[in-house]
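Here is the file query-v4.txt (compact mmCIF, N, CA and C atoms).
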# COMPACT_ATOMS: atom_id res chain seq x y z
N MET L 285 38.46 98.48 108.13
CA MET L 285 39.16 97.87 107.02
C MET L 285 39.33 96.37 107.24
N SER L 286 38.65 95.81 108.21
CA SER L 286 38.81 94.40 108.50
C SER L 286 38.01 93.51 107.55
N GLU L 287 37.02 94.07 106.87
CA GLU L 287 36.23 93.27 105.95
C GLU L 287 37.05 92.99 104.70
N GLU L 288 37.09 91.73 104.30
CA GLU L 288 37.81 91.34 103.10
C GLU L 288 36.81 91.21 101.95
N LEU L 289 37.09 91.89 100.87
CA LEU L 289 36.24 91.81 99.69
C LEU L 289 36.84 90.82 98.71
N PRO L 290 36.01 90.07 98.00
CA PRO L 290 36.57 89.17 97.00
C PRO L 290 37.22 89.97 95.87
N ILE L 291 38.43 89.61 95.54
CA ILE L 291 39.16 90.35 94.51
C ILE L 291 39.54 89.37 93.41
N SER L 292 39.03 89.63 92.24
CA SER L 292 39.32 88.74 91.12
C SER L 292 40.41 89.30 90.22
N ASP L 293 40.62 90.57 90.26
CA ASP L 293 41.55 91.21 89.36
C ASP L 293 42.86 91.52 90.08
N PHE L 294 43.98 91.18 89.47
CA PHE L 294 45.29 91.44 90.06
C PHE L 294 45.48 92.93 90.38
N VAL L 295 45.03 93.78 89.47
CA VAL L 295 45.18 95.23 89.69
C VAL L 295 44.40 95.65 90.93
N ASP L 296 43.17 95.15 91.07
CA ASP L 296 42.38 95.48 92.26
C ASP L 296 43.11 95.02 93.52
N HIS L 297 43.70 93.84 93.48
CA HIS L 297 44.43 93.33 94.63
C HIS L 297 45.63 94.23 94.94
N SER L 298 46.36 94.65 93.90
CA SER L 298 47.52 95.51 94.10
C SER L 298 47.13 96.87 94.65
N VAL L 299 46.04 97.42 94.14
CA VAL L 299 45.54 98.71 94.63
C VAL L 299 45.14 98.58 96.09
N GLU L 300 44.41 97.53 96.42
CA GLU L 300 43.99 97.34 97.80
C GLU L 300 45.20 97.19 98.73
N ALA L 301 46.19 96.43 98.32
CA ALA L 301 47.39 96.24 99.14
C ALA L 301 48.12 97.57 99.35
N SER L 302 48.23 98.37 98.29
CA SER L 302 48.90 99.67 98.41
C SER L 302 48.14 100.61 99.33
N LEU L 303 46.81 100.61 99.21
CA LEU L 303 46.01 101.48 100.06
C LEU L 303 46.04 101.03 101.52
N LYS L 304 46.05 99.72 101.76
CA LYS L 304 46.16 99.23 103.14
C LYS L 304 47.50 99.63 103.74
N LYS L 305 48.58 99.51 102.96
CA LYS L 305 49.89 99.91 103.46
C LYS L 305 49.92 101.40 103.75
N SER L 306 49.33 102.18 102.86
CA SER L 306 49.26 103.62 103.06
C SER L 306 48.52 103.95 104.35
N PHE L 307 47.39 103.29 104.58
CA PHE L 307 46.61 103.50 105.81
C PHE L 307 47.45 103.14 107.04
N SER L 308 48.14 102.01 106.99
CA SER L 308 48.95 101.57 108.13
C SER L 308 50.07 102.56 108.43
N GLU L 309 50.73 103.04 107.39
CA GLU L 309 51.81 104.01 107.58
C GLU L 309 51.29 105.33 108.13
N LEU L 310 50.14 105.77 107.65
CA LEU L 310 49.56 107.00 108.18
C LEU L 310 49.11 106.82 109.63
N HIS L 311 48.61 105.63 109.95
CA HIS L 311 48.22 105.33 111.33
C HIS L 311 49.45 105.43 112.23
N LEU L 312 50.58 104.86 111.79
CA LEU L 312 51.81 104.95 112.54
C LEU L 312 52.25 106.40 112.70
N ALA L 313 52.20 107.17 111.63
CA ALA L 313 52.60 108.57 111.70
C ALA L 313 51.73 109.35 112.69
N LEU L 314 50.45 109.05 112.69
CA LEU L 314 49.53 109.73 113.61
C LEU L 314 49.85 109.38 115.06
N ARG L 315 50.10 108.09 115.32
CA ARG L 315 50.44 107.68 116.69
C ARG L 315 51.72 108.37 117.17
N VAL L 316 52.72 108.41 116.30
CA VAL L 316 53.98 109.04 116.67
C VAL L 316 53.79 110.55 116.85
N ALA L 317 52.97 111.16 116.02
CA ALA L 317 52.70 112.59 116.15
C ALA L 317 52.04 112.92 117.49
N ILE L 318 51.20 112.04 117.98
CA ILE L 318 50.57 112.25 119.29
C ILE L 318 51.64 112.32 120.38
N TYR L 319 52.62 111.41 120.32
CA TYR L 319 53.73 111.45 121.29
C TYR L 319 54.53 112.74 121.15
N ALA L 320 54.71 113.19 119.92
CA ALA L 320 55.46 114.43 119.69
C ALA L 320 54.74 115.63 120.28
N VAL L 321 53.44 115.67 120.14
CA VAL L 321 52.66 116.77 120.71
C VAL L 321 52.81 116.77 122.23
N ASP L 322 52.69 115.61 122.84
CA ASP L 322 52.82 115.50 124.29
C ASP L 322 54.21 115.97 124.75
N ALA L 323 55.25 115.50 124.06
CA ALA L 323 56.61 115.88 124.44
C ALA L 323 56.86 117.37 124.23
N SER L 324 56.34 117.93 123.15
CA SER L 324 56.57 119.35 122.89
C SER L 324 55.83 120.22 123.91
N GLN L 325 54.62 119.81 124.31
CA GLN L 325 53.90 120.56 125.34
C GLN L 325 54.64 120.50 126.67
N SER L 326 55.19 119.35 126.99
CA SER L 326 55.99 119.21 128.20
C SER L 326 57.24 120.08 128.15
N LEU L 327 57.86 120.12 126.98
CA LEU L 327 59.06 120.94 126.80
C LEU L 327 58.73 122.42 126.99
N VAL L 328 57.61 122.87 126.46
CA VAL L 328 57.19 124.26 126.61
C VAL L 328 57.00 124.60 128.10
N LYS L 329 56.36 123.70 128.83
CA LYS L 329 56.17 123.92 130.28
C LYS L 329 57.52 123.99 131.00
N ASP L 330 58.45 123.11 130.61
CA ASP L 330 59.76 123.11 131.25
C ASP L 330 60.55 124.37 130.92
N VAL L 331 60.42 124.89 129.72
CA VAL L 331 61.09 126.15 129.36
C VAL L 331 60.54 127.28 130.22
N HIS L 332 59.24 127.28 130.42
CA HIS L 332 58.62 128.29 131.28
C HIS L 332 59.14 128.16 132.72
N SER L 333 59.19 126.93 133.21
CA SER L 333 59.71 126.71 134.57
C SER L 333 61.17 127.14 134.68
N LEU L 334 61.94 126.84 133.64
CA LEU L 334 63.34 127.22 133.63
C LEU L 334 63.49 128.74 133.66
N THR L 335 62.69 129.42 132.91
CA THR L 335 62.73 130.88 132.87
C THR L 335 62.46 131.46 134.26
N LEU L 336 61.45 130.91 134.91
CA LEU L 336 61.12 131.38 136.27
C LEU L 336 62.26 131.06 137.24
N ALA L 337 62.80 129.84 137.15
CA ALA L 337 63.87 129.44 138.06
C ALA L 337 65.11 130.29 137.87
N LEU L 338 65.46 130.58 136.61
CA LEU L 338 66.64 131.40 136.35
C LEU L 338 66.46 132.82 136.89
N SER L 339 65.24 133.34 136.77
CA SER L 339 64.99 134.69 137.27
C SER L 339 65.09 134.74 138.80
N GLU L 340 64.91 133.59 139.46
CA GLU L 340 64.98 133.53 140.92
C GLU L 340 66.34 133.02 141.40
N GLY L 341 67.24 132.71 140.48
CA GLY L 341 68.57 132.25 140.85
C GLY L 341 68.62 130.81 141.35
N VAL L 342 67.68 129.97 140.93
CA VAL L 342 67.61 128.58 141.36
C VAL L 342 68.50 127.72 140.47
N GLU L 343 69.12 126.67 141.03
CA GLU L 343 69.93 125.70 140.27
C GLU L 343 69.02 124.99 139.27
N CYS L 344 69.44 124.92 138.01
CA CYS L 344 68.56 124.40 136.95
C CYS L 344 69.16 123.25 136.14
N SER L 345 70.22 122.63 136.61
CA SER L 345 70.89 121.61 135.80
C SER L 345 69.97 120.43 135.49
N CYS L 346 69.10 120.03 136.43
CA CYS L 346 68.21 118.90 136.15
C CYS L 346 67.16 119.27 135.10
N LEU L 347 66.72 120.54 135.11
CA LEU L 347 65.77 120.99 134.09
C LEU L 347 66.42 121.00 132.71
N PHE L 348 67.67 121.42 132.64
CA PHE L 348 68.38 121.43 131.36
C PHE L 348 68.52 120.01 130.82
N ALA L 349 68.85 119.06 131.67
CA ALA L 349 69.00 117.67 131.24
C ALA L 349 67.67 117.10 130.75
N LYS L 350 66.60 117.43 131.47
CA LYS L 350 65.27 116.95 131.05
C LYS L 350 64.88 117.55 129.70
N MET L 351 65.16 118.82 129.51
CA MET L 351 64.82 119.48 128.25
C MET L 351 65.65 118.92 127.09
N GLU L 352 66.90 118.61 127.37
CA GLU L 352 67.75 118.00 126.32
C GLU L 352 67.17 116.65 125.89
N THR L 353 66.74 115.86 126.85
CA THR L 353 66.13 114.56 126.55
C THR L 353 64.86 114.74 125.72
N GLN L 354 64.04 115.72 126.10
CA GLN L 354 62.81 115.98 125.35
C GLN L 354 63.11 116.43 123.92
N ALA L 355 64.10 117.29 123.76
CA ALA L 355 64.46 117.77 122.43
C ALA L 355 64.98 116.63 121.55
N LYS L 356 65.79 115.73 122.12
CA LYS L 356 66.28 114.58 121.36
C LYS L 356 65.12 113.67 120.95
N PHE L 357 64.18 113.47 121.87
CA PHE L 357 63.01 112.65 121.56
C PHE L 357 62.22 113.27 120.41
N LEU L 358 62.01 114.59 120.47
CA LEU L 358 61.26 115.27 119.41
C LEU L 358 61.98 115.15 118.06
N ALA L 359 63.30 115.22 118.06
CA ALA L 359 64.05 115.06 116.81
C ALA L 359 63.86 113.66 116.25
N ASN L 360 63.93 112.64 117.10
CA ASN L 360 63.74 111.26 116.64
C ASN L 360 62.32 111.03 116.15
N VAL L 361 61.35 111.55 116.87
CA VAL L 361 59.95 111.38 116.49
C VAL L 361 59.68 112.06 115.16
N SER L 362 60.26 113.23 114.96
CA SER L 362 60.07 113.94 113.70
C SER L 362 60.58 113.11 112.53
N CYS L 363 61.72 112.45 112.71
CA CYS L 363 62.25 111.57 111.65
C CYS L 363 61.32 110.39 111.41
N ASP L 364 60.76 109.80 112.47
CA ASP L 364 59.82 108.69 112.31
C ASP L 364 58.56 109.12 111.57
N ILE L 365 58.06 110.30 111.88
CA ILE L 365 56.87 110.82 111.19
C ILE L 365 57.19 111.04 109.72
N LEU L 366 58.34 111.59 109.44
CA LEU L 366 58.75 111.83 108.05
C LEU L 366 58.84 110.52 107.27
N LYS L 367 59.47 109.50 107.86
CA LYS L 367 59.62 108.21 107.17
C LYS L 367 58.26 107.55 106.93
N ALA L 368 57.39 107.55 107.94
CA ALA L 368 56.08 106.92 107.80
C ALA L 368 55.23 107.67 106.77
N SER L 369 55.30 108.98 106.78
CA SER L 369 54.52 109.77 105.82
C SER L 369 55.03 109.56 104.39
N ALA L 370 56.35 109.49 104.22
CA ALA L 370 56.91 109.25 102.89
C ALA L 370 56.52 107.87 102.37
N SER L 371 56.54 106.88 103.24
CA SER L 371 56.14 105.52 102.85
C SER L 371 54.66 105.49 102.47
N ALA L 372 53.83 106.18 103.24
CA ALA L 372 52.40 106.24 102.92
C ALA L 372 52.17 106.93 101.58
N MET L 373 52.93 107.98 101.32
CA MET L 373 52.79 108.68 100.05
C MET L 373 53.19 107.77 98.89
N ALA L 374 54.26 107.01 99.06
CA ALA L 374 54.70 106.09 98.00
C ALA L 374 53.64 105.02 97.73
N SER L 375 53.02 104.50 98.77
CA SER L 375 51.96 103.50 98.60
C SER L 375 50.76 104.10 97.89
N SER L 376 50.45 105.33 98.22
CA SER L 376 49.33 106.02 97.59
C SER L 376 49.59 106.26 96.09
N VAL L 377 50.82 106.67 95.77
CA VAL L 377 51.19 106.88 94.36
C VAL L 377 51.10 105.56 93.59
N LEU L 378 51.59 104.47 94.19
CA LEU L 378 51.53 103.17 93.53
C LEU L 378 50.08 102.76 93.27
N ALA L 379 49.21 102.96 94.25
CA ALA L 379 47.78 102.63 94.06
C ALA L 379 47.18 103.48 92.95
N HIS L 380 47.50 104.77 92.93
CA HIS L 380 46.99 105.66 91.89
C HIS L 380 47.48 105.23 90.51
N ARG L 381 48.74 104.83 90.42
CA ARG L 381 49.28 104.36 89.14
C ARG L 381 48.57 103.08 88.68
N HIS L 382 48.31 102.17 89.62
CA HIS L 382 47.58 100.94 89.26
C HIS L 382 46.23 101.28 88.65
N VAL L 383 45.52 102.19 89.27
CA VAL L 383 44.20 102.57 88.76
C VAL L 383 44.34 103.24 87.40
N TYR L 384 45.30 104.14 87.26
CA TYR L 384 45.49 104.88 86.02
C TYR L 384 45.86 103.95 84.86
N LEU L 385 46.69 102.93 85.15
CA LEU L 385 47.18 102.04 84.10
C LEU L 385 46.29 100.82 83.86
N ARG L 386 45.25 100.68 84.64
CA ARG L 386 44.39 99.49 84.58
C ARG L 386 43.96 99.14 83.15
N ASP L 387 43.48 100.09 82.42
CA ASP L 387 42.92 99.80 81.09
C ASP L 387 43.90 100.04 79.94
N TRP L 388 45.14 100.36 80.25
CA TRP L 388 46.12 100.56 79.19
C TRP L 388 46.41 99.22 78.51
N LYS L 389 46.48 99.24 77.22
CA LYS L 389 46.78 98.03 76.45
C LYS L 389 48.29 97.98 76.19
N VAL L 390 49.04 97.76 77.25
CA VAL L 390 50.49 97.68 77.21
C VAL L 390 50.89 96.36 77.85
N ASP L 391 51.98 95.75 77.35
CA ASP L 391 52.39 94.48 77.94
C ASP L 391 52.76 94.66 79.41
N SER L 392 52.73 93.58 80.14
CA SER L 392 52.91 93.65 81.60
C SER L 392 54.31 94.14 81.99
N ALA L 393 55.32 93.87 81.18
CA ALA L 393 56.66 94.34 81.50
C ALA L 393 56.73 95.87 81.49
N HIS L 394 56.15 96.49 80.45
CA HIS L 394 56.12 97.95 80.38
C HIS L 394 55.26 98.52 81.52
N LYS L 395 54.13 97.88 81.78
CA LYS L 395 53.24 98.35 82.84
C LYS L 395 53.95 98.29 84.20
N SER L 396 54.67 97.20 84.45
CA SER L 396 55.42 97.06 85.69
C SER L 396 56.49 98.14 85.81
N GLY L 397 57.14 98.42 84.69
CA GLY L 397 58.15 99.48 84.68
C GLY L 397 57.55 100.83 85.01
N LEU L 398 56.37 101.10 84.47
CA LEU L 398 55.69 102.37 84.75
C LEU L 398 55.24 102.44 86.21
N LEU L 399 54.80 101.32 86.75
CA LEU L 399 54.35 101.30 88.13
C LEU L 399 55.46 101.63 89.11
N HIS L 400 56.67 101.16 88.82
CA HIS L 400 57.76 101.24 89.78
C HIS L 400 58.83 102.28 89.44
N MET L 401 58.56 103.15 88.47
CA MET L 401 59.53 104.19 88.17
C MET L 401 59.52 105.25 89.28
N PRO L 402 60.62 105.96 89.47
CA PRO L 402 60.69 106.97 90.54
C PRO L 402 59.63 108.05 90.36
N PHE L 403 59.12 108.52 91.47
CA PHE L 403 58.13 109.60 91.46
C PHE L 403 58.86 110.93 91.57
N THR L 404 58.61 111.81 90.59
CA THR L 404 59.31 113.10 90.58
C THR L 404 58.55 114.18 91.34
N GLY L 405 57.31 113.93 91.66
CA GLY L 405 56.54 114.89 92.43
C GLY L 405 55.67 115.81 91.61
N SER L 406 55.86 115.85 90.30
CA SER L 406 55.04 116.75 89.50
C SER L 406 54.08 115.99 88.57
N HIS L 407 54.44 114.78 88.19
CA HIS L 407 53.60 113.98 87.31
C HIS L 407 53.48 112.57 87.86
N LEU L 408 52.32 111.98 87.71
CA LEU L 408 52.08 110.64 88.24
C LEU L 408 53.08 109.63 87.69
N LEU L 409 53.39 109.72 86.42
CA LEU L 409 54.28 108.74 85.80
C LEU L 409 55.65 109.33 85.45
N GLY L 410 55.87 110.58 85.69
CA GLY L 410 57.18 111.18 85.50
C GLY L 410 57.53 111.47 84.06
N ALA L 411 58.66 112.11 83.88
CA ALA L 411 59.12 112.51 82.56
C ALA L 411 59.63 111.33 81.75
N ASP L 412 59.93 110.21 82.38
CA ASP L 412 60.46 109.04 81.67
C ASP L 412 59.39 108.27 80.92
N LEU L 413 58.14 108.69 81.01
CA LEU L 413 57.05 107.98 80.34
C LEU L 413 57.28 107.89 78.84
N GLU L 414 57.67 108.99 78.20
CA GLU L 414 57.91 108.99 76.76
C GLU L 414 58.99 107.99 76.39
N HIS L 415 60.05 107.94 77.17
CA HIS L 415 61.17 107.02 76.91
C HIS L 415 60.71 105.57 77.01
N MET L 416 59.89 105.26 77.98
CA MET L 416 59.45 103.88 78.17
C MET L 416 58.48 103.43 77.10
N LEU L 417 57.73 104.35 76.54
CA LEU L 417 56.74 103.99 75.53
C LEU L 417 57.33 103.83 74.14
N HIS L 418 58.55 104.31 73.94
CA HIS L 418 59.16 104.20 72.61
C HIS L 418 60.29 103.23 72.59
Rewrite the coordinates I just gave you, this time as structure tokens.
Amino acid sequence: MSEELPISDFVDHSVEASLKKSFSELHLALRVAIYAVDASQSLVKDVHSLTLALSEGVECSCLFAKMETQAKFLANVSCDILKASASAMASSVLAHRHVYLRDWKVDSAHKSGLLHMPFTGSHLLGADLEHMLH
């Protein structure tokens, strides 16, 4: 994505910016997910070790502390993945709206309103489209 293409149209520029942001956010989510996988695999091994230690009557307080730290890390990482994925989805929706509205013969104020209206999850432009057009 390092190659820059000449962009003459504002819509093309907006779409490209939204898609680049989406890519960056997904890249972040992927990096964080890799750490989560590593931590969860480590936690699984520690649970197994704890099970064996408990069956043998071994002191396990340090294993419990380590597992608590791993669980807290996984909770934080999960939130980071959720935030990055939601941001990437929002950028993707904005890019899709730019493409969809490109050829609409509507003034820029209405078009801007349509671009930035809340996403309901079922329709690209939401139920408020009728209200904005009238």
Let's see if you can do this: from backbone DSSP, list all helix (DSSP H, G or I) residues in chain L, as a VMD selection string. chain L and resid 294 to 339 345 to 385 392 to 399 413 to 417
Select, from L:Val331, L:Ala349, L:Ile318, L:Ala301, the residue with the minimum atom-to-atom distance to Ala379 of chain L, counting all atoms listed in the file.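 When distances to Ala379 of chain L are compared using all atoms listed in the file, the smallest one comes from L:Ala301.
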re atom C of Val383 of chain L and atom N of Val299 of chain L: distance 9.1 Å
Which residue gives the smallest distance to Ser326 of chain L among L:Gln354, L:Ser392, L:Ser308, L:Ser302, with only N, CA and C atoms counted? L:Gln354
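If you look at atom CA of Leu358 of chain L and atom CA of Thr335 of chain L, they are 20.7 Å away from each other.
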Considering only N, CA and C atoms, return as an MDAnalysis selection string whatever protein or nucleic-acid residues lie within 8 Å of segment 312-316 of chain L, sequence-local ones (same chain, fewer than 4 positions apart) excluded. chainID L and resid 306:308 320:322 361:362 364:369
In Å, rounded to a single decimal, give me how far atom C of His407 of chain L is from atom C of Lys389 of chain L.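 Computed distance, atom C of Lys389 of chain L to atom C of His407 of chain L, equals 19.4 Å.
Each of L:Ser375, L:Thr404, L:Ser324, L:Ser339 was compared to Lys305 of chain L using all atoms listed in the file, and L:Ser375 turns out to be the nearest.
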Report as CSV: every residue of segment 323-381 of chain L with an atom at most 8 Å from segment 393-402 of chain L, its closest pair of atoms, and their distance in Å to one decimal, counting only N, CA and C atoms, with rows sorted by chain and ascending residue number.
residue,atom,partner,partner_atom,distance
L:Val377,C,L:Leu399,C,7.4
L:Leu378,CA,L:Leu399,C,6.1
L:Arg381,CA,L:Leu399,CA,6.0
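Proximity to Phe357 of chain L was assessed for L:Met373, L:Ala337, L:Ala323, L:Val328 counting only N, CA and C atoms; the smallest distance is recorded for L:Ala323.
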Is it possible to get the axis-aligned box enclosing segment 352-356 of chain L (all listed atoms, 3 Å extra per side) as JSON, with centre and edge lengths in Å rounded to one decimal?
{"center_x": 65.3, "center_y": 116.1, "center_z": 124.2, "size_x": 10.9, "size_y": 10.9, "size_z": 12.4}
